[in-house]
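Asks: Please find entry.cif (mmCIF, C-alpha atoms) on the next line:
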data_upload
loop_
_atom_site.label_atom_id
_atom_site.label_comp_id
_atom_site.auth_asym_id
_atom_site.auth_seq_id
_atom_site.Cartn_x
_atom_site.Cartn_y
_atom_site.Cartn_z
CA MET A 303 23.99 10.00 -16.87
CA PRO A 304 24.66 6.23 -16.62
CA GLU A 305 27.06 4.52 -19.00
CA ARG A 306 25.35 2.86 -21.96
CA ASP A 307 26.03 -0.84 -22.37
CA ILE A 308 26.64 -1.55 -26.06
CA PHE A 309 25.46 -5.17 -25.66
CA ALA A 310 22.13 -4.36 -23.99
CA ASN A 311 20.10 -4.65 -27.22
CA PHE A 312 21.49 -7.96 -28.51
CA GLU A 313 18.85 -10.07 -26.73
CA ARG A 314 16.06 -7.89 -28.16
CA ILE A 315 17.53 -8.20 -31.66
CA ARG A 316 17.82 -12.00 -31.28
CA ARG A 317 14.15 -12.22 -30.25
CA GLU A 318 13.09 -10.04 -33.16
CA MET A 319 15.07 -12.21 -35.59
CA ASP A 320 13.43 -15.34 -34.13
CA GLU A 321 10.01 -13.74 -34.63
CA LEU A 322 10.85 -12.56 -38.14
CA PHE A 323 12.21 -15.87 -39.42
CA GLY A 324 10.22 -18.15 -37.10
CA GLY A 325 10.56 -21.76 -38.22
CA VAL A 326 11.86 -20.95 -41.72
CA PHE A 327 15.09 -22.83 -41.11
CA ASP A 328 13.47 -25.74 -39.29
CA ARG A 329 12.34 -27.98 -42.15
CA SER A 330 11.56 -31.10 -40.11
CA LEU A 331 8.03 -32.48 -40.32
CA ALA A 332 7.83 -33.21 -36.61
CA PRO A 333 6.25 -30.44 -34.58
CA HIS A 334 8.96 -28.47 -32.83
CA ARG A 335 8.44 -26.45 -29.70
CA ARG A 336 11.32 -24.98 -27.76
CA ALA A 337 11.21 -25.24 -23.99
CA GLY A 338 10.15 -22.13 -22.13
CA PHE A 339 9.96 -18.60 -23.45
CA SER A 340 11.58 -15.21 -23.10
CA PRO A 341 9.34 -12.45 -21.72
CA ARG A 342 9.57 -8.98 -23.22
CA VAL A 343 11.22 -6.30 -21.09
CA ASP A 344 11.81 -2.56 -21.16
CA VAL A 345 14.79 -0.97 -19.36
CA SER A 346 14.84 2.75 -18.66
CA TYR A 347 16.69 5.19 -16.41
CA VAL A 348 15.33 8.14 -14.45
CA GLY A 349 17.25 10.80 -12.59
CA ASP A 350 15.35 11.84 -9.47
CA PRO A 351 16.33 9.72 -7.58
CA PRO A 352 18.70 8.02 -10.06
CA ARG A 353 17.51 4.48 -10.75
CA ALA A 354 17.06 1.84 -13.43
CA ILE A 355 13.51 0.68 -14.06
CA VAL A 356 12.93 -2.74 -15.59
CA THR A 357 9.40 -3.59 -16.72
CA ALA A 358 8.54 -7.15 -17.84
CA GLU A 359 5.39 -8.57 -19.45
CA LEU A 360 4.51 -11.65 -17.42
CA ALA A 361 0.76 -12.10 -17.95
CA GLY A 362 -0.68 -15.32 -16.56
CA ILE A 363 2.19 -15.98 -14.17
CA ASP A 364 1.50 -16.38 -10.48
CA VAL A 365 3.73 -14.08 -8.42
CA GLU A 366 4.68 -17.11 -6.32
CA GLN A 367 6.29 -18.59 -9.46
CA LEU A 368 8.64 -15.61 -9.97
CA ASP A 369 12.22 -15.18 -8.78
CA LEU A 370 14.43 -12.08 -9.03
CA GLU A 371 18.18 -11.88 -8.57
CA VAL A 372 20.75 -9.11 -9.09
CA ARG A 373 24.30 -10.09 -10.06
CA GLY A 374 26.57 -7.12 -10.69
CA ARG A 375 25.12 -5.27 -13.67
CA GLU A 376 22.52 -7.94 -14.45
CA LEU A 377 18.95 -8.53 -13.30
CA ILE A 378 17.82 -12.15 -13.63
CA VAL A 379 14.08 -12.81 -13.83
CA SER A 380 12.99 -16.44 -13.78
CA GLY A 381 9.86 -18.44 -13.20
CA THR A 382 7.23 -20.66 -14.77
CA ARG A 383 4.01 -19.99 -16.64
CA GLY A 384 1.68 -22.97 -16.51
CA ALA A 385 -0.53 -23.90 -19.43
CA LEU A 386 -3.52 -21.57 -19.38
CA ASP A 387 -6.10 -24.22 -20.25
CA ALA A 388 -4.81 -27.78 -20.15
CA ALA A 389 -8.01 -29.65 -21.00
CA GLU A 390 -7.37 -33.22 -22.16
CA GLY A 391 -8.56 -34.23 -25.57
CA ARG A 392 -8.48 -30.70 -26.91
CA VAL A 393 -7.24 -30.26 -30.47
CA TYR A 394 -5.59 -26.91 -31.08
CA GLN A 395 -5.70 -25.04 -34.34
CA GLN A 396 -3.20 -22.46 -33.12
CA ILE A 397 -0.97 -22.03 -30.06
CA GLU A 398 0.76 -18.68 -29.57
CA ILE A 399 0.66 -18.15 -25.80
CA GLU A 400 3.97 -19.48 -24.60
CA HIS A 401 4.22 -21.39 -21.34
CA GLY A 402 6.77 -23.31 -19.36
CA PRO A 403 9.89 -22.23 -17.51
CA PHE A 404 11.83 -19.10 -18.39
CA ARG A 405 14.98 -17.32 -17.33
CA ARG A 406 15.76 -13.86 -18.63
CA THR A 407 19.03 -12.05 -17.90
CA ILE A 408 18.71 -8.31 -18.39
CA ALA A 409 21.92 -6.32 -18.81
CA LEU A 410 21.95 -3.04 -16.91
CA GLY A 411 24.01 -0.09 -18.13
CA ALA A 412 25.11 1.04 -14.66
CA ASP A 413 26.00 -0.29 -11.22
CA VAL A 414 22.98 -0.69 -8.94
CA ALA A 415 22.36 -1.02 -5.19
CA ALA A 416 20.81 -4.50 -5.14
CA ASP A 417 19.97 -4.31 -1.43
CA ARG A 418 17.66 -1.33 -2.05
CA ALA A 419 15.83 -2.78 -5.09
CA ARG A 420 12.01 -2.78 -5.05
CA ALA A 421 9.68 -4.90 -7.16
CA THR A 422 5.91 -4.74 -7.75
CA TYR A 423 3.66 -7.04 -9.77
CA ASP A 424 0.31 -5.79 -11.01
CA ASP A 425 -1.95 -7.06 -13.83
CA GLY A 426 0.79 -9.30 -15.24
CA VAL A 427 3.41 -6.55 -15.35
CA LEU A 428 6.52 -6.79 -13.18
CA ARG A 429 8.24 -3.50 -12.37
CA VAL A 430 11.66 -3.54 -10.71
CA GLU A 431 13.30 -0.32 -9.51
CA LEU A 432 17.04 -0.52 -8.91
CA PRO A 433 18.73 2.54 -7.35
CA LEU A 434 21.92 3.47 -9.17
CA VAL A 435 25.21 3.56 -7.30
CA ALA A 436 26.83 6.97 -7.67
CA PRO A 437 30.26 6.71 -9.26
CA GLU A 438 33.12 7.69 -7.00
CA ARG A 439 33.93 11.27 -8.02
CA GLN A 440 36.68 11.93 -5.52
CA ALA A 441 40.21 11.28 -6.76
CA ARG A 442 42.13 8.79 -4.72
CA ALA A 443 45.91 8.60 -4.37
CA VAL A 444 47.41 5.22 -5.18
CA PRO A 445 50.58 4.36 -3.26
CA ILE A 446 53.56 3.17 -5.29
CA GLU A 447 55.68 0.43 -3.79
CA VAL A 448 59.39 0.50 -4.50
CA GLY A 449 60.82 -2.95 -4.81
CA HIS A 450 64.03 -4.58 -5.88
CA GLN A 451 63.90 -4.98 -9.67
CA ARG A 452 66.13 -7.36 -11.52
CA SER A 453 66.71 -7.95 -15.16
CA ALA A 454 67.43 -11.29 -16.75
CA ASP A 455 71.16 -10.41 -17.16
CA ALA A 456 71.87 -8.81 -13.76
CA GLY A 457 70.50 -11.53 -11.50
CA ASP A 458 70.32 -11.15 -7.71
CA ASP A 459 73.09 -9.10 -6.03
CA ASP A 460 73.09 -11.40 -2.98
CA ASP A 461 73.83 -14.47 -5.11
CA PRO A 462 77.62 -15.09 -5.18
CA THR A 463 77.46 -16.90 -8.53
CA THR A 464 75.89 -13.81 -10.09
CA VAL A 465 78.70 -11.59 -8.80
CA GLU A 466 81.30 -13.93 -10.28
CA ARG A 467 79.54 -13.95 -13.66
CA GLY A 468 79.34 -10.16 -13.58
CA ALA A 469 83.07 -9.88 -12.69
CA ARG A 470 84.28 -11.67 -15.83
#
Starting from the file, lay out its structure as structure tokens.
Replies:
Amino acid sequence: MPERDIFANFERIRREMDELFGGVFDRSLAPHRRAGFSPRVDVSYVGDPPRAIVTAELAGIDVEQLDLEVRGRELIVSGTRGALDAAEGRVYQQIEIEHGPFRRTIALGADVAADRARATYDDGVLRVELPLVAPERQARAVPIEVGHQRSADAGDDDDPTTVERGAR
């Protein structure tokens, strides 16, 4: 069973707090729109073969506008969603479909083999399968080096001034 990362849910909690409180704390009269958005993701683990599966909602994004990168225990999904209908002169009553650039870093709870990762994109859903790296179960001996240790009082035996100080 892979190790569970205790920080994996912080991004989800932050998004939920943003949704819950929305613009409550932004009291300015000017319309405020943050740049980009953060797509929703699910992360799960399966055992046969052992792998992490990351699923992201990316409706309306051209696959050519997506980039994936694995860095250690993180999967980075980035790209751009263009405006769905950018007709000039249109007056909107409501805008909820977010667009613009995004970059989402997804924490993984286990080490993965990035070179064997597979990704598919179908109907606006990105699915990334990342094979888990089996932890090394075999014990390994660690050699111990024996070196010359010196304390602050003893000094170096080869130093003649140290011998004289020690002889007093």
Asks: For the structure provided, state which residues fall under the PyMOL selection byres ((chain A and resi 362-378) around 10), and present them as a PyMOL selection string.
Replies: chain A and resi 307+356+359-361+379-386+399+401+403-417+419+421-428+430+432
Asks: Using CA of Phe339 (chain A) and CA of Arg418 (chain A) as the two end points, give the distance in Å to one decimal.
Replies: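 Result for CA of Phe339 (chain A) versus CA of Arg418 (chain A): 28.6 Å, one decimal.
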Asks: What does the distance from CA of Asp350 (chain A) to CA of Arg429 (chain A) come to in Å, to one decimal?
Replies: 17.2 Å
Asks: Tell me which of A:Gly449, A:Arg342, A:Arg420, A:Gly402 sits closest to Ile355 (chain A), counting all atoms listed in the file.
Replies: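 Smallest separation from Ile355 (chain A) among the options: A:Arg420.
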Asks: When you count all atoms listed in the file, which of these residues is closest to Ser346 (chain A): A:Glu390, A:Pro445, A:Ile315, A:Pro433?
Replies: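 So, comparing all the options, the nearest one is A:Pro433.
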Asks: Report as JSON the centre and the edge lengths, in Å to one decimal, of the axis-aligned box holding every listed atom of region 338-353 of chain A, padded by 3 Å on each side.
Replies:
{"center_x": 14.0, "center_y": -5.1, "center_z": -15.5, "size_x": 15.4, "size_y": 40.0, "size_z": 21.9}
Asks: Select, from A:Leu434, A:Pro341, A:Ile397, A:Asp387, the residue with the minimum atom-to-atom distance to Ala354 (chain A), counting only C-alpha atoms.
Replies: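 Among the listed residues, the smallest separation from Ala354 (chain A) belongs to A:Leu434.
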Asks: Pick from A:Val393, A:Ala436, A:Met319, A:Ile446: nearest to Gly349 (chain A), with all atoms listed in the file counted?
Replies: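 Among A:Val393, A:Ala436, A:Met319, A:Ile446, it is A:Ala436 that comes nearest to Gly349 (chain A).
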Asks: Could you state the separation of CA of Val435 (chain A) and CA of Val345 (chain A) in Å, given to one decimal place?
Replies: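 About the pair CA of Val435 (chain A) and CA of Val345 (chain A): they are 16.6 Å apart.
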